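Enquirer: One structure, pasted below without further comment.
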Number of protein chains: 2
Amino acid sequence: MAQKIPYKIYLSEDELPKQWYNVRADMKIKPAPLLNPATGKPVTLEELSNIFCTELAKQELNNDDAYIDIPEEIQSFYKMYRPSPLTRAYFLEKALGTPAKIYYKFEGNNTSGSHKLNSSIAQAYYAKQQGLKGVTTETGAGQWGTALAMACSYFGLDCKVFMVKCSYEQKPFRREVMRTYGANVTPSPSETTEVGRKILEEFPGTSGSLGCAISEAVEAAVTNEGYRYVLGSVLSQVLLHQSIIGLEAMAACDKYDIKPDIIIGCAGGGSNLGGLISPFMGRKLRGEADYRFIAVEPASCPSLTRGKYAYDFCDTGKVCPLAKMYTLGSGFIPSPNHAGGLRYHGMSSVLSELYDEGLMEARSVEQTSVFAAAQQFARIEGTLPAPESSHAIRAAIDEALKCKETGEEKTILFGLTGTGYFDMVAYQKFNDGVMTDYIPTDDDLAKGFANLPEVK
Amino acid sequence: MAQKIPYKIYLSEDELPKQWYNVRADMKIKPAPLLNPATGKPVTLEELSNIFCTELAKQELNNDDAYIDIPEEIQSFYKMYRPSPLTRAYFLEKALGTPAKIYYKFEGNNTSGSHKLNSSIAQAYYAKQQGLKGVTTETGAGQWGTALAMACSYFGLDCKVFMVKCSYEQKPFRREVMRTYGANVTPSPSETTEVGRKILEEFPGTSGSLGCAISEAVEAAVTNEGYRYVLGSVLSQVLLHQSIIGLEAMAACDKYDIKPDIIIGCAGGGSNLGGLISPFMGRKLRGEADYRFIAVEPASCPSLTRGKYAYDFCDTGKVCPLAKMYTLGSGFIPSPNHAGGLRYHGMSSVLSELYDEGLMEARSVEQTSVFAAAQQFARIEGTLPAPESSHAIRAAIDEALKCKETGEEKTILFGLTGTGYFDMVAYQKFNDGVMTDYIPTDDDLAKGFANLPEVK
C-alpha cells in the first residue's frame with residue numbers, strides 16, 4: 001500500500017536545492033547562440049557584459065555545466081518564501097470525477113504573487129556583487145517588476161522599472177506595490193529614453209508593449225553609469241534560476257514516489273515552464289524517465305503553435321541581441337482584449353529548441369475558456385489564480401477529463417505560477433459575461449513575420 | 001545546543017488540531033451573557049437560534065466544554081490552506097539588531113487573504129448541516145466577506161453580503177473576488193432592508209458602517225426563509241473556530257521548544273487575537289505557564305484603551321442581542337481617514353473580560369506609525385501586510401527595540417493576520433506622504449458613550 005499523499009508537500013529546509021540545474025548541459029542540440037545584430041556573429045561575453053551583469057552573462061552563455069551553485073545569500077533569501085508547496089488537487093479531482101491524480105506546484109505564496117522572485121533575487125544578487133548602483137527592467141502585467149522591486153529593496157539597489165503604459169494605467173495597485181518596495185516606475189513608452197521618444201513619434205498614443213519597454217530599459221541601463229539590464233523571462237539564465245521550481249517539485253515527487261506522466265505549464269517567454277520542466281526534461285534527455293510536456297499559450301499570442309522558428313529581435317527597438325526562437329515577429333502586439341501576461345512575441349531559445357525537436361508539445365487556448373477554468377479552480381481549490389497560470393489549469397483539467405473518458409489513472413503535474421489579486425478587472429469582465437476571445441488571422445501573423453531579420 | 005529553528009515551521013497533516021479550544025471553559029469569571037434587548041434577560045438558545053444556526057448558537061452559549069471536535073469535513077477543508085506557517089523573523093531581527101527572537105503566525109496564504117476563512121468554513125458547514133439555503137453577513141474591509149463567499153461556494157450555499165458602502169466603492173476588486181466565488185454583494189446601507197431605508201432616511205448620503213451593515217444582514221436573515229446570519233468576529237463562537245491559529249502556533253512552539261514571553265495581536269472585534277492567544281491563555285489560566293498578551297488597536301478606534309466596559313448594542317440598528325464589552329458606543333464611527341479594518345465600536349466579550357481582569361494588556365497605535373512598520377516589514381520580511389496586521393507588527397517591533405535597549409532576549413510571537421493586496425489606496429497615501437493620523441477627542445467619545453443602553 002502506497003504512502004498516503006498529503007494535500008500539501010513541503011520539503012524541509014535541508015531538502016532544499018543548493019544548486020540550480022542547467023538543462024542546456026544535457027541537450028544534444030544546444031539552443032542557437034544569441035547573435036550580435038551588427039556583426040551577425042554570436043555575441044561574446046564581453047559584448048553581453050555591457051548589457052547584463054558579468055556573472056549573469058556567463059550563465060547566459062553556459063551550455064556546459066549541468067549544476068551551478070546557488071550562492072549562500074540567495075539560498076537564505078529563498079527560505080523567506082520557499083519551499084513552495086506541491087499540492088495534491090484532491091478537491092479538483094473529486095469535483096471532476098476523474099481517475100487522474102493532479103498535482104500543482106504553487107509559486108504564488110509570496111508578495112510578488114508569482115515565481116518571478118526566484119530569478120529577480122538572483123539577478124539582484126549578482127548586480128550587488130558587481131558593485132552596481134542599480135538595475136533597469138520592463139514589466140507587463142507587473143509581476144516581474146514587483147519581484148525585482150522586492151529583490152532590489154533587499155540588497156539596497158536602485159530599481160528602475162519601465163511598465164507597459166496600458167498596464168501602468170490599468171493596474172495602479174501593482175505600481176503602488178513596487179513603490180512600496182522603493183522602485184521607480186515609469187510608463188512606457190516614455191520621453192525619458194531616445195527609443196521611447198522615437199516610438200512615441202512613430203505611434204502617437206500607443207499603449208505600449210513589452211518589446212518597447214525592453215528597449216527603453218536596455219537603453220537606460222547602457223546609458224547610465226553603474227546600471228545593468230535585467231529580464232524576467234525568455235533568457236536561459238532565467239530558466240536556470242527558475243529550475244528551483246522543478247528541482248523542488250522533483251524532490252517532492254521522488255520523496256512520495258509520485259511519477260508524473262504529463263507536466264504542464266503556461267508559456268509566455270518560458271520562465272515558469274522552463275523552470276518547472278528542466279530537471280524532468282534532463283531525466284528524459286538522459287533516458288532515465290519519460291514524460292509528456294505541454295506548453296500552454298494564449299490563442300491570441302501563439303508563438304509556439306503558430307510562430308516561426310527563426311532568428312528575431314527580442315525587443316521592438318532592436319537594441320538587444322538576436323535570438324533564434326519561435327516568434328510572431330518583434331512587431332507583433334496581441335489584441336488589447338487579451339487579459340494578463342503571456343503577451344511576448346517570442347519564446348525562450350531553450351524551449352524553442354526542445355519544442356522543435358519534438359521533446360515538448362504545445363497547445364493554445366482561448367481566454368474565455370481559461371477564465372472558466374480559473375473560476376472553477378478558485379471555487380474548488382480555494383486559490384484565485386493569475387490569468388497566466390490559468391492557461392495551465394485549463395490544460396490540466398482538459399487532460400484530467402480525457403482520463404475520465406478513458407479511465408486512465410494518469411498523474412498530471414502543472415505549474416500554478418501565481419495569484420490573480422491584481423487581475424480583477426479581467427475577472428470582472430468574465431463575471432459580467434462581456435469577455436471575448438481573439439484569434440489573430442493568418443494575415444495578422446503575416447505582418448509580424450514580414451519584419452523578421454535576415455540572418456545568414 | 002538547541003535545535004536550529006527553521007525559517008518556517010509547517011506542522012505535518014497528522015499534527016493538525018482535531019479539536020477547537022474554548023478558552024471560556026478555563027475562565028474563572030465567565031464572559032457576561034448576551035441579553036435579549038426586549039426582556040433584559042440572558043438570551044436563550046431558542047432565541048439565538050432565530051438568528052444563528054442552532055449548532056453555532058450552542059457554541060455561542062457554551063462556557064463549559066474546553067474542547068469541541070472539528071467536524072471531519074472542516075478538517076478536510078482546513079487542509080486546503082492549512083497548516084499556516086509559523087515563521088521565524090530572522091531577517092527582521094537582523095535588521096533591527098535586536099537580541100529578541102521574533103516569530104509570526106501568518107494567516108494570509110489563502111485567497112481570502114486572512115484568518116477569516118477559519119471561521120467562515122465552520123459557519124457555512126453548520127448552515128449546510130442544518131439544511132439552510134444560505135447565509136447573510138456584513139463585511140467592512142472585505143476579508144470576511146471574501147472568506148464567507150469562499151466557504152459558501154464550497155458548500156453550495158447562497159451568500160448575501162452587505163458591504164459597508166465606502167468599502168464597496170473604494171474596493172471594487174474585493175467585491176469582484178466575492179462575485180467570482182458566486183456571492184451577492186450589496187452596498188450598505190441599502191434600500192433592500194427596512195433598517196437600511198431607515199438609516200438612509202436619517203443620514204442621507206452616509207458612507208455606512210459595520211454596525212449598519214450588521215443590522216441589514218440580520219434583518220435579511222430573519223426575514224428570508226432558510227437563511228441565518230453569520231458574523232466574522234466579536235462572537236465567542238468565532239474565537240472558538242479561530243483557536244486553530246493558537247493551537248497550531250502552540251504545537252509548533254512546543255515541537256521546537258519555543259517559549260514565547262510576549263504574544264501580540266491586532267484587535268478589531270477580537271477574532272484573530274482571541275484565536276491566537278486562546279490556548280496560551282488557557283495555560284496561563286490553569287497556572288501552567290505565564291505570558292504577556294498585548295492587544296493592539298488603532299488610536300482612531302480605541303475600544304479597549306479608551307472604551308467603557310458595559311452592555312451595548314452590537315449593531316447600529318439595535319436588532320442584535322446586547323453584549324457586555326469594552327465599547328465606544330454603537331453609534332461611534334471612526335474617522336474616514338482611518339485605513340483598513342479594526343473599525344468596530346466594541347470588542348469580543350471574552351477578550352473584554354480577560355482585559356478587565358488584567359490578564360491581557362492593550363495599547364493603541366497611530367496609523368502613520370503602523371504603515372511605517374508595514375513598509376519596513378514588507379521590505380525586510382518580503383510579505384506586504386494588511387493594515388490591520390500591521391498594528392501587531394508595530395507593537396512587535398517596538399517590543400523588539402526595547403529588548404535591544406535592555407539586552408533582554410525575549411521571545412515575541414505575533415499574529416500576521418493577512419496581506420494588504422487590496423489596501424493599495426492606503427499604501428499609496430502613505431507612499432505619497434499624505435496619510436494623516438486621527439485621535440478622537442474625549443468629547444467625540446462622550447457622544448458614543450451617551451447612547452449606551454441602560455441595563456439593570
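If you're wondering about the labels, chains in the C-alpha cells are A, B, ... by order shown, residues count from 1 in each chain, ligands from 1 in order shown.
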Can you tell me which residues surround range 53-58 of chain A at a distance of at most 10 Å, considering only C-alpha atoms, apart from same-chain residues fewer than 2 positions away, and format the answer as a PyMOL selection string?
Expert: chain A and resi 44-51+60-63+122-132+135+227-230+236-238
Enquirer: If we count only C-alpha atoms, which residues of chain A reach to within 8 Å of chain B? Please list them as a PyMOL selection string.
Expert: chain A and resi 6-8+10+13+79-81+109-111+150+153-154+173+176-177+179-181+375+378-384+421-422+424-425+427-428+431
Enquirer: Would you save the residues of that selection, restricted to C-alpha atoms, as a short mmCIF file (atom, residue, chain, number, x, y, z; two decimals), in the first residue's frame?
Expert:
```cif
data_model
loop_
_atom_site.label_atom_id
_atom_site.label_comp_id
_atom_site.auth_asym_id
_atom_site.auth_seq_id
_atom_site.Cartn_x
_atom_site.Cartn_y
_atom_site.Cartn_z
CA PRO A 6 -0.75 14.81 1.97
CA TYR A 7 -2.68 17.73 0.50
CA LYS A 8 0.46 19.82 0.57
CA TYR A 10 6.56 20.98 1.91
CA GLU A 13 14.91 23.26 4.79
CA LYS A 79 13.96 30.50 2.74
CA MET A 80 11.91 33.68 3.17
CA TYR A 81 9.23 32.20 0.91
CA ASN A 109 2.65 32.45 -1.88
CA ASN A 110 4.90 35.47 -1.88
CA THR A 111 4.17 39.15 -2.25
CA MET A 150 11.43 43.26 -3.72
CA SER A 153 14.96 46.54 -1.82
CA TYR A 154 16.59 43.56 -0.08
CA PHE A 173 -2.09 49.00 -7.39
CA GLU A 176 1.96 51.03 -5.71
CA VAL A 177 3.35 47.69 -4.52
CA ARG A 179 6.71 51.88 -4.99
CA THR A 180 6.23 50.43 -1.52
CA TYR A 181 9.39 48.45 -2.21
CA GLN A 375 -13.17 30.39 -11.75
CA ALA A 378 -10.82 29.18 -7.46
CA ARG A 379 -14.09 27.77 -6.22
CA ILE A 380 -12.84 24.20 -5.84
CA GLU A 381 -9.21 24.55 -4.77
CA GLY A 382 -9.60 27.86 -2.94
CA THR A 383 -6.88 29.80 -4.72
CA LEU A 384 -7.72 32.64 -7.09
CA TYR A 421 -5.40 39.57 -6.99
CA PHE A 422 -4.29 42.33 -9.36
CA MET A 424 -9.78 41.68 -11.02
CA VAL A 425 -10.61 43.93 -13.97
CA TYR A 427 -12.25 38.70 -13.73
CA GLN A 428 -14.94 41.36 -13.63
CA ASN A 431 -18.12 37.69 -14.23
#
```
Enquirer: Select, from A:Lys255, A:Arg283, A:Arg292, A:Pro336, the residue with the minimum atom-to-atom distance to Cys166 in chain A, counting only C-alpha atoms.
Expert: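 Under the stated criterion, the closest residue is A:Pro336.
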Enquirer: Which residues come within 9 Å of Thr206 in chain B, counting only C-alpha atoms, excluding same-chain residues fewer than 2 positions away, as a ChimeraX atom specification?
Expert: /B:165-166,189,199-200,203-204,208-209
Enquirer: Could you take the residues named above and write them with C-alpha atoms, as a PDB file, in the first residue's frame?
Expert:
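File again-v6.pdb, as written:
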```
ATOM      1  CA  LYS B 165     -20.699  51.428   1.214  1.00  0.00           C
ATOM      2  CA  CYS B 166     -17.383  53.269   1.390  1.00  0.00           C
ATOM      3  CA  PRO B 189     -26.943  50.952   3.864  1.00  0.00           C
ATOM      4  CA  ILE B 199     -30.739  54.734   8.279  1.00  0.00           C
ATOM      5  CA  LEU B 200     -30.669  56.292   4.797  1.00  0.00           C
ATOM      6  CA  PHE B 203     -28.430  60.020   7.482  1.00  0.00           C
ATOM      7  CA  PRO B 204     -28.785  60.643   3.750  1.00  0.00           C
ATOM      8  CA  GLY B 208     -22.104  53.298   6.022  1.00  0.00           C
ATOM      9  CA  SER B 209     -20.564  51.491   8.952  1.00  0.00           C
TER      10      SER B 209
END
```
Enquirer: Extract, using only C-alpha atoms, all DNA, RNA and protein residues at most 9 Å from Glu399 in chain A, discarding same-chain residues fewer than 5 positions from it, and format them as an mmCIF file with N, CA and C atoms, in the first residue's frame.
Expert:
```cif
data_model
loop_
_atom_site.group_PDB
_atom_site.id
_atom_site.type_symbol
_atom_site.label_atom_id
_atom_site.label_comp_id
_atom_site.auth_asym_id
_atom_site.auth_seq_id
_atom_site.Cartn_x
_atom_site.Cartn_y
_atom_site.Cartn_z
ATOM 1 N N ALA A 100 -7.649 10.557 -12.762
ATOM 2 C CA ALA A 100 -6.308 11.152 -12.814
ATOM 3 C C ALA A 100 -5.925 11.687 -11.446
ATOM 4 N N ILE A 262 2.334 13.570 -17.239
ATOM 5 C CA ILE A 262 2.194 14.786 -18.042
ATOM 6 C C ILE A 262 2.583 15.975 -17.179
ATOM 7 N N ARG A 394 -6.389 25.190 -17.339
ATOM 8 C CA ARG A 394 -7.281 24.772 -18.436
ATOM 9 C C ARG A 394 -6.795 23.441 -19.036
ATOM 10 N N LYS A 404 -10.911 10.762 -17.549
ATOM 11 C CA LYS A 404 -12.243 10.342 -17.108
ATOM 12 C C LYS A 404 -12.914 9.519 -18.210
ATOM 13 N N LYS A 410 -3.831 8.636 -15.008
ATOM 14 C CA LYS A 410 -2.578 9.362 -15.241
ATOM 15 C C LYS A 410 -2.257 10.323 -14.100
ATOM 16 N N ILE A 412 -0.876 13.940 -13.369
ATOM 17 C CA ILE A 412 -0.696 15.228 -14.047
ATOM 18 C C ILE A 412 -0.074 16.208 -13.067
#
```
Enquirer: Excluding Tyr21 in chain A and any residue of its chain fewer than 4 positions from it, enumerate the residues within 6 Å of it, using only C-alpha atoms, and give them as a list in words.
Expert: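 After dropping sequence-adjacent residues, the list is Ala66, Tyr67 and Ser243 of chain A.
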Enquirer: Could you take the residues named above and write them with N, CA and C atoms, as a JSON list (two decimals), in the first residue's frame?
Expert:
```json
[["chain", "number", "residue", "atom", "x", "y", "z"],
["A", 66, "ALA", "N", 26.00, 21.38, -15.87],
["A", 66, "ALA", "CA", 24.64, 20.93, -15.56],
["A", 66, "ALA", "C", 24.16, 21.53, -14.24],
["A", 67, "TYR", "N", 25.08, 21.72, -13.29],
["A", 67, "TYR", "CA", 24.69, 22.27, -11.99],
["A", 67, "TYR", "C", 25.51, 23.50, -11.66],
["A", 243, "SER", "N", 14.80, 26.91, -12.38],
["A", 243, "SER", "CA", 14.87, 25.45, -12.21],
["A", 243, "SER", "C", 14.62, 25.06, -10.76]]
```
Enquirer: Counting only C-alpha atoms, which of A:Glu138, A:Glu454, A:Asp356, A:Glu216 gets nearest to Tyr311 in chain A?
Expert: A:Glu454
Enquirer: Of the candidates A:Met325, A:Met163, A:Ala295, A:Cys212, which one gets nearest to Ile264 in chain A if we count only C-alpha atoms?
Expert: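 The closest residue to Ile264 in chain A is A:Ala295.
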Enquirer: Contacts of Leu342 in chain A at 8 Å or less, counting only C-alpha atoms, minus same-chain residues fewer than 4 places along, as a list in words?
Expert: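 Within the cut-off, the hits are Ala267, Gly268, Gly269, Glu297, Pro298, Cys301 and Glu388 of chain A.
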Enquirer: Write out the residues from the selection above, keeping C-alpha atoms, as a CSV table (one decimal), in the first residue's frame.
Expert:
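This went into selection-v5.csv:
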```csv
chain,number,residue,atom,x,y,z
A,267,ALA,CA,4.2,29.7,-21.6
A,268,GLY,CA,4.8,33.4,-22.3
A,269,GLY,CA,8.5,33.8,-22.5
A,297,GLU,CA,-0.1,29.6,-24.6
A,298,PRO,CA,-2.9,32.0,-25.4
A,301,CYS,CA,-0.4,35.2,-28.8
A,388,GLU,CA,-1.4,33.4,-16.9
```
Enquirer: Restricting the calculation to only C-alpha atoms: of B:Val161, B:Leu247, B:Leu235, B:Ile277, which residue gets closest to Pro31 in chain B?
Expert: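 Among the listed residues, B:Leu235 lies closest to Pro31 in chain B.
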Enquirer: I'd like to know which of B:Ile29, B:Cys159, B:Leu239, B:Ala299 is closest to Val185 in chain B, using only C-alpha atoms.
Expert: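 Ranking B:Ile29, B:Cys159, B:Leu239, B:Ala299 by distance to Val185 in chain B, first place goes to B:Cys159.
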Enquirer: Can you tell me which residues surround Ala289 in chain B at a distance of at most 10 Å, considering only C-alpha atoms, apart from same-chain residues fewer than 4 positions away, and format the answer as an MDAnalysis selection string?
Expert: chainID B and resid 259 261 280:285
Enquirer: Restricting it to all heavy atoms, dump the selection as a PDB file, in the first residue's frame.
Expert:
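Below is the file that was written, part-v3.pdb:
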```
ATOM      1  N   LYS B 259       9.502  29.187  23.715  1.00  0.00           N
ATOM      2  CA  LYS B 259       8.659  29.652  24.817  1.00  0.00           C
ATOM      3  C   LYS B 259       8.428  31.147  24.684  1.00  0.00           C
ATOM      4  O   LYS B 259       9.251  31.949  25.126  1.00  0.00           O
ATOM      5  CB  LYS B 259       9.331  29.335  26.153  1.00  0.00           C
ATOM      6  CG  LYS B 259       9.486  27.826  26.397  1.00  0.00           C
ATOM      7  CD  LYS B 259      10.056  27.552  27.772  1.00  0.00           C
ATOM      8  CE  LYS B 259      10.503  26.098  27.916  1.00  0.00           C
ATOM      9  NZ  LYS B 259       9.472  25.106  27.570  1.00  0.00           N
ATOM     10  N   ASP B 261       7.496  34.856  25.365  1.00  0.00           N
ATOM     11  CA  ASP B 261       7.299  35.706  26.537  1.00  0.00           C
ATOM     12  C   ASP B 261       6.131  36.658  26.322  1.00  0.00           C
ATOM     13  O   ASP B 261       5.386  36.951  27.240  1.00  0.00           O
ATOM     14  CB  ASP B 261       8.574  36.534  26.809  1.00  0.00           C
ATOM     15  CG  ASP B 261       9.765  35.653  27.109  1.00  0.00           C
ATOM     16  OD1 ASP B 261       9.709  34.939  28.138  1.00  0.00           O
ATOM     17  OD2 ASP B 261      10.722  35.638  26.309  1.00  0.00           O
ATOM     18  N   PHE B 280      -2.842  29.621  24.694  1.00  0.00           N
ATOM     19  CA  PHE B 280      -1.795  30.101  25.597  1.00  0.00           C
ATOM     20  C   PHE B 280      -2.437  30.668  26.872  1.00  0.00           C
ATOM     21  O   PHE B 280      -1.962  30.437  27.983  1.00  0.00           O
ATOM     22  CB  PHE B 280      -0.933  31.176  24.916  1.00  0.00           C
ATOM     23  CG  PHE B 280      -0.141  30.671  23.733  1.00  0.00           C
ATOM     24  CD1 PHE B 280      -0.605  30.831  22.439  1.00  0.00           C
ATOM     25  CD2 PHE B 280       1.078  30.029  23.912  1.00  0.00           C
ATOM     26  CE1 PHE B 280       0.118  30.376  21.349  1.00  0.00           C
ATOM     27  CE2 PHE B 280       1.821  29.563  22.828  1.00  0.00           C
ATOM     28  CZ  PHE B 280       1.328  29.739  21.538  1.00  0.00           C
ATOM     29  N   MET B 281      -3.522  31.407  26.680  1.00  0.00           N
ATOM     30  CA  MET B 281      -4.258  31.951  27.832  1.00  0.00           C
ATOM     31  C   MET B 281      -4.768  30.818  28.710  1.00  0.00           C
ATOM     32  O   MET B 281      -4.755  30.918  29.942  1.00  0.00           O
ATOM     33  CB  MET B 281      -5.421  32.815  27.330  1.00  0.00           C
ATOM     34  CG  MET B 281      -6.234  33.496  28.414  1.00  0.00           C
ATOM     35  SD  MET B 281      -5.309  34.712  29.400  1.00  0.00           S
ATOM     36  CE  MET B 281      -5.393  36.164  28.316  1.00  0.00           C
ATOM     37  N   GLY B 282      -5.192  29.734  28.058  1.00  0.00           N
ATOM     38  CA  GLY B 282      -5.638  28.557  28.809  1.00  0.00           C
ATOM     39  C   GLY B 282      -4.538  28.071  29.745  1.00  0.00           C
ATOM     40  O   GLY B 282      -4.777  27.805  30.936  1.00  0.00           O
ATOM     41  N   ARG B 283      -3.334  27.985  29.241  1.00  0.00           N
ATOM     42  CA  ARG B 283      -2.207  27.574  30.095  1.00  0.00           C
ATOM     43  C   ARG B 283      -1.995  28.551  31.239  1.00  0.00           C
ATOM     44  O   ARG B 283      -1.708  28.160  32.370  1.00  0.00           O
ATOM     45  CB  ARG B 283      -0.919  27.495  29.264  1.00  0.00           C
ATOM     46  CG  ARG B 283      -0.845  26.244  28.421  1.00  0.00           C
ATOM     47  CD  ARG B 283       0.533  26.099  27.801  1.00  0.00           C
ATOM     48  NE  ARG B 283       0.620  24.862  27.036  1.00  0.00           N
ATOM     49  CZ  ARG B 283       1.569  24.599  26.144  1.00  0.00           C
ATOM     50  NH1 ARG B 283       2.523  25.497  25.906  1.00  0.00           N
ATOM     51  NH2 ARG B 283       1.591  23.455  25.498  1.00  0.00           N
ATOM     52  N   LYS B 284      -2.128  29.829  30.930  1.00  0.00           N
ATOM     53  CA  LYS B 284      -1.943  30.851  31.961  1.00  0.00           C
ATOM     54  C   LYS B 284      -3.044  30.729  33.018  1.00  0.00           C
ATOM     55  O   LYS B 284      -2.773  30.767  34.225  1.00  0.00           O
ATOM     56  CB  LYS B 284      -1.963  32.247  31.316  1.00  0.00           C
ATOM     57  CG  LYS B 284      -1.793  33.402  32.283  1.00  0.00           C
ATOM     58  CD  LYS B 284      -1.462  34.687  31.529  1.00  0.00           C
ATOM     59  CE  LYS B 284      -1.452  35.904  32.433  1.00  0.00           C
ATOM     60  NZ  LYS B 284      -0.681  37.018  31.863  1.00  0.00           N
ATOM     61  N   LEU B 285      -4.274  30.552  32.565  1.00  0.00           N
ATOM     62  CA  LEU B 285      -5.407  30.443  33.489  1.00  0.00           C
ATOM     63  C   LEU B 285      -5.282  29.202  34.368  1.00  0.00           C
ATOM     64  O   LEU B 285      -5.691  29.197  35.527  1.00  0.00           O
ATOM     65  CB  LEU B 285      -6.723  30.385  32.703  1.00  0.00           C
ATOM     66  CG  LEU B 285      -7.152  31.692  32.003  1.00  0.00           C
ATOM     67  CD1 LEU B 285      -8.279  31.431  31.007  1.00  0.00           C
ATOM     68  CD2 LEU B 285      -7.572  32.743  33.027  1.00  0.00           C
TER      69      LEU B 285
END
```
Enquirer: Would you give me, as a PyMOL selection string, the residues in range 147-272 of chain B that DSSP reads as strand (DSSP E or B)?
Expert: chain B and resi 158-164+184-188+227-229+262-266
Enquirer: Those same residues, written as a short mmCIF file (atom, residue, chain, number, x, y, z; two decimals), in the first residue's frame with N, CA, C and O atoms?
Expert:
```cif
data_model
loop_
_atom_site.label_atom_id
_atom_site.label_comp_id
_atom_site.auth_asym_id
_atom_site.auth_seq_id
_atom_site.Cartn_x
_atom_site.Cartn_y
_atom_site.Cartn_z
N ASP B 158 -26.12 29.83 -0.78
CA ASP B 158 -26.25 31.21 -1.23
C ASP B 158 -25.59 32.13 -0.19
O ASP B 158 -25.67 31.87 1.02
N CYS B 159 -24.97 33.18 -0.66
CA CYS B 159 -24.21 34.06 0.24
C CYS B 159 -24.55 35.52 -0.06
O CYS B 159 -24.26 36.02 -1.14
N LYS B 160 -25.24 36.16 0.88
CA LYS B 160 -25.61 37.58 0.70
C LYS B 160 -24.73 38.43 1.59
O LYS B 160 -24.80 38.32 2.82
N VAL B 161 -23.95 39.28 0.97
CA VAL B 161 -23.01 40.11 1.73
C VAL B 161 -23.42 41.58 1.68
O VAL B 161 -23.60 42.13 0.59
N PHE B 162 -23.60 42.20 2.83
CA PHE B 162 -23.79 43.64 2.90
C PHE B 162 -22.43 44.27 3.17
O PHE B 162 -21.83 44.05 4.22
N MET B 163 -21.96 45.02 2.17
CA MET B 163 -20.61 45.57 2.27
C MET B 163 -20.72 47.07 2.57
O MET B 163 -21.43 47.80 1.87
N VAL B 164 -20.03 47.49 3.62
CA VAL B 164 -20.05 48.91 4.01
C VAL B 164 -19.80 49.76 2.76
O VAL B 164 -18.84 49.53 2.03
N ASN B 184 -23.45 37.38 -3.59
CA ASN B 184 -24.27 38.50 -3.95
C ASN B 184 -23.88 39.67 -3.02
O ASN B 184 -24.03 39.55 -1.80
N VAL B 185 -23.36 40.74 -3.58
CA VAL B 185 -22.80 41.81 -2.75
C VAL B 185 -23.64 43.09 -2.89
O VAL B 185 -23.84 43.58 -4.00
N THR B 186 -24.12 43.63 -1.78
CA THR B 186 -24.95 44.84 -1.77
C THR B 186 -24.28 45.91 -0.93
O THR B 186 -23.86 45.64 0.21
N PRO B 187 -24.17 47.14 -1.47
CA PRO B 187 -23.60 48.21 -0.65
C PRO B 187 -24.56 48.59 0.48
O PRO B 187 -25.78 48.66 0.26
N SER B 188 -24.02 48.82 1.66
CA SER B 188 -24.84 49.12 2.84
C SER B 188 -24.52 50.50 3.38
O SER B 188 -23.35 50.86 3.46
N TYR B 227 -32.61 31.16 5.82
CA TYR B 227 -31.35 31.91 5.95
C TYR B 227 -31.02 32.12 7.42
O TYR B 227 -31.92 32.19 8.26
N ARG B 228 -29.76 32.21 7.73
CA ARG B 228 -29.33 32.64 9.04
C ARG B 228 -28.21 33.64 8.85
O ARG B 228 -27.61 33.74 7.78
N TYR B 229 -27.93 34.36 9.95
CA TYR B 229 -26.90 35.39 9.94
C TYR B 229 -25.58 34.79 10.43
O TYR B 229 -25.59 33.96 11.35
N ILE B 262 6.04 37.15 25.07
CA ILE B 262 5.02 38.16 24.75
C ILE B 262 4.25 37.68 23.52
O ILE B 262 4.87 37.27 22.53
N ILE B 263 2.94 37.73 23.58
CA ILE B 263 2.13 37.34 22.42
C ILE B 263 1.26 38.53 22.04
O ILE B 263 0.54 39.08 22.89
N ILE B 264 1.35 38.92 20.76
CA ILE B 264 0.77 40.18 20.30
C ILE B 264 -0.19 39.94 19.15
O ILE B 264 0.10 39.17 18.24
N GLY B 265 -1.34 40.61 19.18
CA GLY B 265 -2.24 40.53 18.04
C GLY B 265 -2.97 41.84 17.85
O GLY B 265 -3.16 42.60 18.81
N CYS B 266 -3.37 42.12 16.61
CA CYS B 266 -4.20 43.30 16.38
C CYS B 266 -5.61 42.98 16.85
O CYS B 266 -6.03 41.82 16.86
#
```
Enquirer: Could you give me, as a ChimeraX atom specification, each residue of range 38-284 of chain B that DSSP assigns to helix (DSSP H, G or I) when run on this structure's backbone?
Expert: /B:45-48,54-61,72-81,90-96,117-129,143-155,165-170,172-180,194-202,210-223,236-255,271-284
